[in-house]
file entry-v1.tsv (TSV, C-alpha atoms)
chain	number	residue	atom	x	y	z
A	3	MET	CA	39.80	32.61	-19.28
A	4	ILE	CA	38.69	32.64	-15.64
A	5	GLU	CA	42.12	33.90	-14.61
A	6	ILE	CA	41.75	36.90	-16.92
A	7	ALA	CA	38.30	37.61	-15.49
A	8	LEU	CA	39.55	37.42	-11.90
A	9	THR	CA	42.52	39.66	-12.67
A	10	VAL	CA	40.26	42.26	-14.28
A	11	ALA	CA	37.92	42.07	-11.27
A	12	ALA	CA	40.78	42.61	-8.81
A	13	THR	CA	42.08	45.54	-10.86
A	14	LEU	CA	38.66	47.17	-10.92
A	15	ILE	CA	38.25	46.61	-7.16
A	16	PHE	CA	41.52	48.36	-6.41
A	17	LEU	CA	40.74	51.21	-8.81
A	18	GLY	CA	37.46	51.67	-6.95
A	19	ILE	CA	39.26	51.76	-3.61
A	20	LEU	CA	41.73	54.30	-5.01
A	21	PHE	CA	39.03	56.66	-6.27
A	22	ALA	CA	37.07	56.35	-3.02
A	23	ILE	CA	40.20	57.24	-1.05
A	24	ILE	CA	40.65	60.30	-3.28
A	25	ARG	CA	37.09	61.31	-2.43
A	26	LEU	CA	37.88	60.72	1.24
A	27	VAL	CA	40.89	63.05	1.02
A	28	ILE	CA	39.35	65.93	-0.92
A	29	GLY	CA	35.81	65.64	0.46
A	30	PRO	CA	34.92	69.05	1.82
A	31	SER	CA	32.10	68.04	4.16
A	32	GLY	CA	31.63	65.16	6.55
A	33	ALA	CA	28.86	63.59	4.48
A	34	ASP	CA	31.24	63.11	1.55
A	35	ARG	CA	33.63	61.23	3.77
A	36	VAL	CA	30.87	59.04	5.20
A	37	ALA	CA	29.78	58.15	1.66
A	38	ALA	CA	33.39	57.37	0.77
A	39	ILE	CA	33.90	55.02	3.73
A	40	ASP	CA	30.59	53.29	3.00
A	41	LEU	CA	31.74	52.78	-0.59
A	42	ILE	CA	35.09	51.40	0.56
A	43	SER	CA	33.35	48.97	2.93
A	44	ILE	CA	31.16	47.62	0.13
A	45	ILE	CA	34.13	47.32	-2.25
A	46	THR	CA	36.08	45.44	0.46
A	47	ILE	CA	33.16	43.00	0.83
A	48	SER	CA	33.41	42.31	-2.89
A	49	LEU	CA	37.18	41.81	-2.48
A	50	ILE	CA	36.59	39.21	0.25
A	51	ALA	CA	33.99	37.44	-1.92
A	52	LEU	CA	36.46	37.41	-4.82
A	53	TYR	CA	39.13	35.93	-2.60
A	54	ALA	CA	36.69	33.29	-1.31
A	55	HIS	CA	36.23	32.17	-4.90
A	56	LEU	CA	39.94	32.44	-5.63
A	57	SER	CA	41.04	30.30	-2.70
A	58	GLY	CA	38.12	27.86	-2.81
A	59	ARG	CA	37.32	28.30	0.90
A	60	PHE	CA	33.71	29.33	1.13
A	61	ILE	CA	33.89	29.95	4.89
A	62	TYR	CA	35.17	33.40	3.92
A	63	LEU	CA	31.71	34.32	2.67
A	64	ASP	CA	30.58	34.30	6.31
A	65	VAL	CA	33.26	36.89	7.04
A	66	ALA	CA	31.89	39.01	4.19
A	67	LEU	CA	28.39	38.70	5.68
A	68	ILE	CA	29.44	39.85	9.16
A	69	TYR	CA	31.51	42.58	7.55
A	70	GLY	CA	28.47	43.99	5.77
A	71	LEU	CA	26.43	44.12	8.98
A	72	LEU	CA	29.19	45.84	10.97
A	73	SER	CA	30.14	48.38	8.32
A	74	PHE	CA	26.49	49.37	8.30
A	75	LEU	CA	26.73	49.89	12.07
A	76	ALA	CA	29.77	52.16	11.72
A	77	VAL	CA	28.14	54.26	9.00
A	78	LEU	CA	24.99	54.54	11.11
A	79	ALA	CA	27.03	55.75	14.09
A	80	ILE	CA	28.78	58.42	12.02
A	81	ALA	CA	25.45	59.55	10.56
A	82	ARG	CA	23.96	59.89	14.06
A	83	TYR	CA	27.03	61.89	15.07
A	84	LEU	CA	26.57	64.27	12.13
A	85	GLU	CA	22.92	64.79	13.07
A	86	ARG	CA	23.90	65.61	16.70
A	87	GLY	CA	21.96	62.59	17.92
A	88	LEU	CA	24.60	60.31	19.41
B	22	MET	CA	48.35	37.09	-7.34
B	23	LEU	CA	47.85	36.62	-3.59
B	24	ASP	CA	51.14	38.39	-2.86
B	25	LEU	CA	50.07	41.36	-4.94
B	26	LEU	CA	46.68	41.53	-3.20
B	27	VAL	CA	48.26	41.44	0.27
B	28	LEU	CA	50.80	44.07	-0.78
B	29	LEU	CA	48.10	46.43	-2.08
B	30	ILE	CA	45.98	45.96	1.06
B	31	CYS	CA	48.99	46.69	3.28
B	32	ALA	CA	49.74	49.81	1.24
B	33	SER	CA	46.12	50.86	1.81
B	34	ILE	CA	46.57	50.38	5.59
B	35	VAL	CA	49.63	52.66	5.52
B	36	VAL	CA	47.86	55.28	3.40
B	37	SER	CA	44.80	55.41	5.64
B	38	ALA	CA	46.92	55.58	8.80
B	39	ALA	CA	48.84	58.51	7.28
B	40	LEU	CA	45.51	60.14	6.39
B	41	ALA	CA	44.35	59.78	10.00
B	42	VAL	CA	47.36	61.84	11.03
B	43	CYS	CA	47.43	64.34	8.18
B	44	LEU	CA	43.75	65.22	7.65
B	45	GLY	CA	42.68	68.12	9.81
B	46	GLY	CA	39.68	67.80	12.08
B	47	LEU	CA	38.36	65.12	14.40
B	48	LEU	CA	35.76	63.45	12.21
B	49	PRO	CA	38.10	62.79	9.22
B	50	ALA	CA	40.71	61.41	11.62
B	51	MET	CA	38.19	59.01	13.16
B	52	ILE	CA	36.90	57.91	9.76
B	53	SER	CA	40.45	57.27	8.55
B	54	ALA	CA	41.31	55.27	11.67
B	55	GLY	CA	38.24	53.11	11.10
B	56	LEU	CA	39.33	52.70	7.50
B	57	ALA	CA	42.77	51.47	8.57
B	58	SER	CA	41.09	48.91	10.82
B	59	LEU	CA	38.82	47.84	7.97
B	60	PHE	CA	41.78	47.25	5.64
B	61	ALA	CA	43.59	45.35	8.41
B	62	SER	CA	40.56	43.08	8.69
B	63	ALA	CA	40.64	42.42	4.94
B	64	CYS	CA	44.35	41.69	5.24
B	65	TYR	CA	43.63	39.08	7.94
B	66	VAL	CA	41.15	37.37	5.63
B	67	LEU	CA	43.75	37.26	2.87
B	68	LEU	CA	46.29	35.79	5.29
B	69	ALA	CA	43.88	32.92	6.11
B	70	ALA	CA	42.71	34.03	9.57
B	71	PRO	CA	38.93	34.58	9.25
B	72	ASP	CA	38.21	34.48	12.99
B	73	VAL	CA	40.72	37.25	13.70
B	74	ALA	CA	39.19	39.18	10.82
B	75	MET	CA	35.71	38.89	12.34
B	76	ALA	CA	36.98	40.15	15.73
B	77	GLU	CA	38.86	43.01	14.09
B	78	ALA	CA	35.87	44.03	11.99
B	79	SER	CA	33.51	44.02	14.97
B	80	ILE	CA	35.77	45.69	17.53
B	81	GLY	CA	38.14	47.82	15.49
B	82	SER	CA	35.88	49.09	12.78
B	83	GLY	CA	32.50	49.08	14.53
B	84	LEU	CA	32.83	49.47	18.27
B	85	SER	CA	35.97	51.61	18.35
B	86	THR	CA	34.57	54.19	15.93
B	87	LEU	CA	31.33	54.30	17.89
B	88	LEU	CA	33.14	54.80	21.19
B	89	PHE	CA	35.32	57.56	19.77
B	90	LEU	CA	32.28	59.38	18.35
B	91	TYR	CA	30.36	59.03	21.62
B	92	THR	CA	33.31	60.30	23.67
B	93	ILE	CA	33.92	63.31	21.45
B	94	ARG	CA	30.24	64.16	21.56
B	95	ARG	CA	30.21	63.82	25.35
B	96	ILE	CA	33.24	66.02	26.03
B	97	GLY	CA	31.56	68.73	23.99
B	98	ARG	CA	34.42	69.70	21.75
B	99	THR	CA	33.19	70.89	18.39
B	100	GLU	CA	35.04	69.74	15.34
B	101	ASP	CA	37.43	72.23	13.85
call {"tool": "encode", "arguments": {"input": "entry-v1.tsv", "output": "structure tokens"}}
result
Amino acid sequence: MIEIALTVAATLIFLGILFAIIRLVIGPSGADRVAAIDLISIITISLIALYAHLSGRFIYLDVALIYGLLSFLAVLAIARYLERGL
Amino acid sequence: MLDLLVLLICASIVVSAALAVCLGGLLPAMISAGLASLFASACYVLLAAPDVAMAEASIGSGLSTLLFLYTIRRIGRTED
């Protein structure tokens, strides 16, 4: 039962990454692409959390935590660049 | 299942590196390069190297993107 749930979760995670990459490709403006990379960062954090449960090593949750802080930094830098502030 | 996850993440690295070359303009290229670094960091986690993944996420995805953006803003070239 838990295997089915984890497989469905991994499938949904990769479908989300696929659709966000499609938005990254066809996004006409820069703001669309920033939203897409923010979405991909958050989906990747959920992938790392899923893998921490799957492998039973909960030290990987710390990686997910640092990942969330730093992806926020990158998105903030791109937003400052778009507003001509960097 | 782990093999499939690593394979899909590596395919995502290749796709985002190709996008960094193929997408026109400076900002999409920088975003795609940061995305390739982000997927490489996830791949390191899946290959049981969390310390390398932390270094890659901080330097490759955060600091490198910031330095590229700052440099392109400083040299004054508008994005085309």
call {"tool": "residues_around", "arguments": {"input": "entry-v1.tsv", "residues": "A:Leu26", "least_positions_apart": "6", "cutoff": "12 Å", "atoms": "all atoms listed in the file", "output": "PyMOL selection string"}}
result
(chain A and resi 19-20+32-42) or (chain B and resi 36-37+40-41+44+48-50+52-53+56)
call {"tool": "write_last_selection", "arguments": {"input": "entry-v1.tsv", "atoms": "C-alpha atoms", "output": "PDB file, keeping the file's coordinate frame"}}
result
ATOM      1  CA  ILE A  19      39.260  51.760  -3.610  1.00  0.00           C
ATOM      2  CA  LEU A  20      41.730  54.300  -5.010  1.00  0.00           C
ATOM      3  CA  GLY A  32      31.630  65.160   6.550  1.00  0.00           C
ATOM      4  CA  ALA A  33      28.860  63.590   4.480  1.00  0.00           C
ATOM      5  CA  ASP A  34      31.240  63.110   1.550  1.00  0.00           C
ATOM      6  CA  ARG A  35      33.630  61.230   3.770  1.00  0.00           C
ATOM      7  CA  VAL A  36      30.870  59.040   5.200  1.00  0.00           C
ATOM      8  CA  ALA A  37      29.780  58.150   1.660  1.00  0.00           C
ATOM      9  CA  ALA A  38      33.390  57.370   0.770  1.00  0.00           C
ATOM     10  CA  ILE A  39      33.900  55.020   3.730  1.00  0.00           C
ATOM     11  CA  ASP A  40      30.590  53.290   3.000  1.00  0.00           C
ATOM     12  CA  LEU A  41      31.740  52.780  -0.590  1.00  0.00           C
ATOM     13  CA  ILE A  42      35.090  51.400   0.560  1.00  0.00           C
TER      14      ILE A  42
ATOM     15  CA  VAL B  36      47.860  55.280   3.400  1.00  0.00           C
ATOM     16  CA  SER B  37      44.800  55.410   5.640  1.00  0.00           C
ATOM     17  CA  LEU B  40      45.510  60.140   6.390  1.00  0.00           C
ATOM     18  CA  ALA B  41      44.350  59.780  10.000  1.00  0.00           C
ATOM     19  CA  LEU B  44      43.750  65.220   7.650  1.00  0.00           C
ATOM     20  CA  LEU B  48      35.760  63.450  12.210  1.00  0.00           C
ATOM     21  CA  PRO B  49      38.100  62.790   9.220  1.00  0.00           C
ATOM     22  CA  ALA B  50      40.710  61.410  11.620  1.00  0.00           C
ATOM     23  CA  ILE B  52      36.900  57.910   9.760  1.00  0.00           C
ATOM     24  CA  SER B  53      40.450  57.270   8.550  1.00  0.00           C
ATOM     25  CA  LEU B  56      39.330  52.700   7.500  1.00  0.00           C
TER      26      LEU B  56
END
call {"tool": "interface_residues", "arguments": {"input": "entry-v1.tsv", "of": "chain B", "to": "chain A", "cutoff": "8 Å", "atoms": "only C-alpha atoms", "output": "PyMOL selection string"}}
result
chain B and resi 40+44+48-49+52+56+59-60+63+66-67+71+74-75+78-79+82-84+86-87+90-91+94
call {"tool": "atom_distance", "arguments": {"input": "entry-v1.tsv", "atom1": "atom CA of A:Val10", "atom2": "atom CA of B:Cys64"}}
result
20.0 Å
call {"tool": "closest_residue", "arguments": {"input": "entry-v1.tsv", "among": "B:Leu29, B:Val42, B:Met51, B:Met22", "to": "B:Leu88", "atoms": "only C-alpha atoms"}}
result
B:Met51
call {"tool": "build_atoms", "arguments": {"input": "entry-v1.tsv", "residues": "stretch 55-67 of chain B", "atoms": "N, CA and C atoms", "output": "PDB file, keeping the file's coordinate frame"}}
result
ATOM      1  N   GLY B  55      39.118  54.239  11.369  1.00  0.00           N
ATOM      2  CA  GLY B  55      38.240  53.110  11.100  1.00  0.00           C
ATOM      3  C   GLY B  55      38.550  52.430   9.783  1.00  0.00           C
ATOM      4  N   LEU B  56      38.974  53.248   8.815  1.00  0.00           N
ATOM      5  CA  LEU B  56      39.330  52.700   7.500  1.00  0.00           C
ATOM      6  C   LEU B  56      40.587  51.840   7.581  1.00  0.00           C
ATOM      7  N   ALA B  57      41.547  52.275   8.387  1.00  0.00           N
ATOM      8  CA  ALA B  57      42.770  51.470   8.570  1.00  0.00           C
ATOM      9  C   ALA B  57      42.432  50.130   9.208  1.00  0.00           C
ATOM     10  N   SER B  58      41.509  50.156  10.186  1.00  0.00           N
ATOM     11  CA  SER B  58      41.090  48.910  10.820  1.00  0.00           C
ATOM     12  C   SER B  58      40.347  47.998   9.849  1.00  0.00           C
ATOM     13  N   LEU B  59      39.567  48.613   8.972  1.00  0.00           N
ATOM     14  CA  LEU B  59      38.820  47.840   7.970  1.00  0.00           C
ATOM     15  C   LEU B  59      39.765  47.143   6.990  1.00  0.00           C
ATOM     16  N   PHE B  60      40.805  47.863   6.552  1.00  0.00           N
ATOM     17  CA  PHE B  60      41.780  47.250   5.640  1.00  0.00           C
ATOM     18  C   PHE B  60      42.593  46.177   6.359  1.00  0.00           C
ATOM     19  N   ALA B  61      42.870  46.375   7.657  1.00  0.00           N
ATOM     20  CA  ALA B  61      43.590  45.350   8.410  1.00  0.00           C
ATOM     21  C   ALA B  61      42.764  44.077   8.501  1.00  0.00           C
ATOM     22  N   SER B  62      41.437  44.250   8.655  1.00  0.00           N
ATOM     23  CA  SER B  62      40.560  43.080   8.690  1.00  0.00           C
ATOM     24  C   SER B  62      40.570  42.330   7.363  1.00  0.00           C
ATOM     25  N   ALA B  63      40.554  43.066   6.255  1.00  0.00           N
ATOM     26  CA  ALA B  63      40.640  42.420   4.940  1.00  0.00           C
ATOM     27  C   ALA B  63      41.976  41.707   4.764  1.00  0.00           C
ATOM     28  N   CYS B  64      43.020  42.299   5.326  1.00  0.00           N
ATOM     29  CA  CYS B  64      44.350  41.690   5.240  1.00  0.00           C
ATOM     30  C   CYS B  64      44.399  40.379   6.024  1.00  0.00           C
ATOM     31  N   TYR B  65      43.694  40.326   7.178  1.00  0.00           N
ATOM     32  CA  TYR B  65      43.630  39.080   7.940  1.00  0.00           C
ATOM     33  C   TYR B  65      42.912  37.990   7.168  1.00  0.00           C
ATOM     34  N   VAL B  66      41.851  38.372   6.438  1.00  0.00           N
ATOM     35  CA  VAL B  66      41.150  37.370   5.630  1.00  0.00           C
ATOM     36  C   VAL B  66      42.086  36.815   4.563  1.00  0.00           C
ATOM     37  N   LEU B  67      42.840  37.699   3.927  1.00  0.00           N
ATOM     38  CA  LEU B  67      43.750  37.260   2.870  1.00  0.00           C
ATOM     39  C   LEU B  67      44.897  36.418   3.408  1.00  0.00           C
TER      40      LEU B  67
END
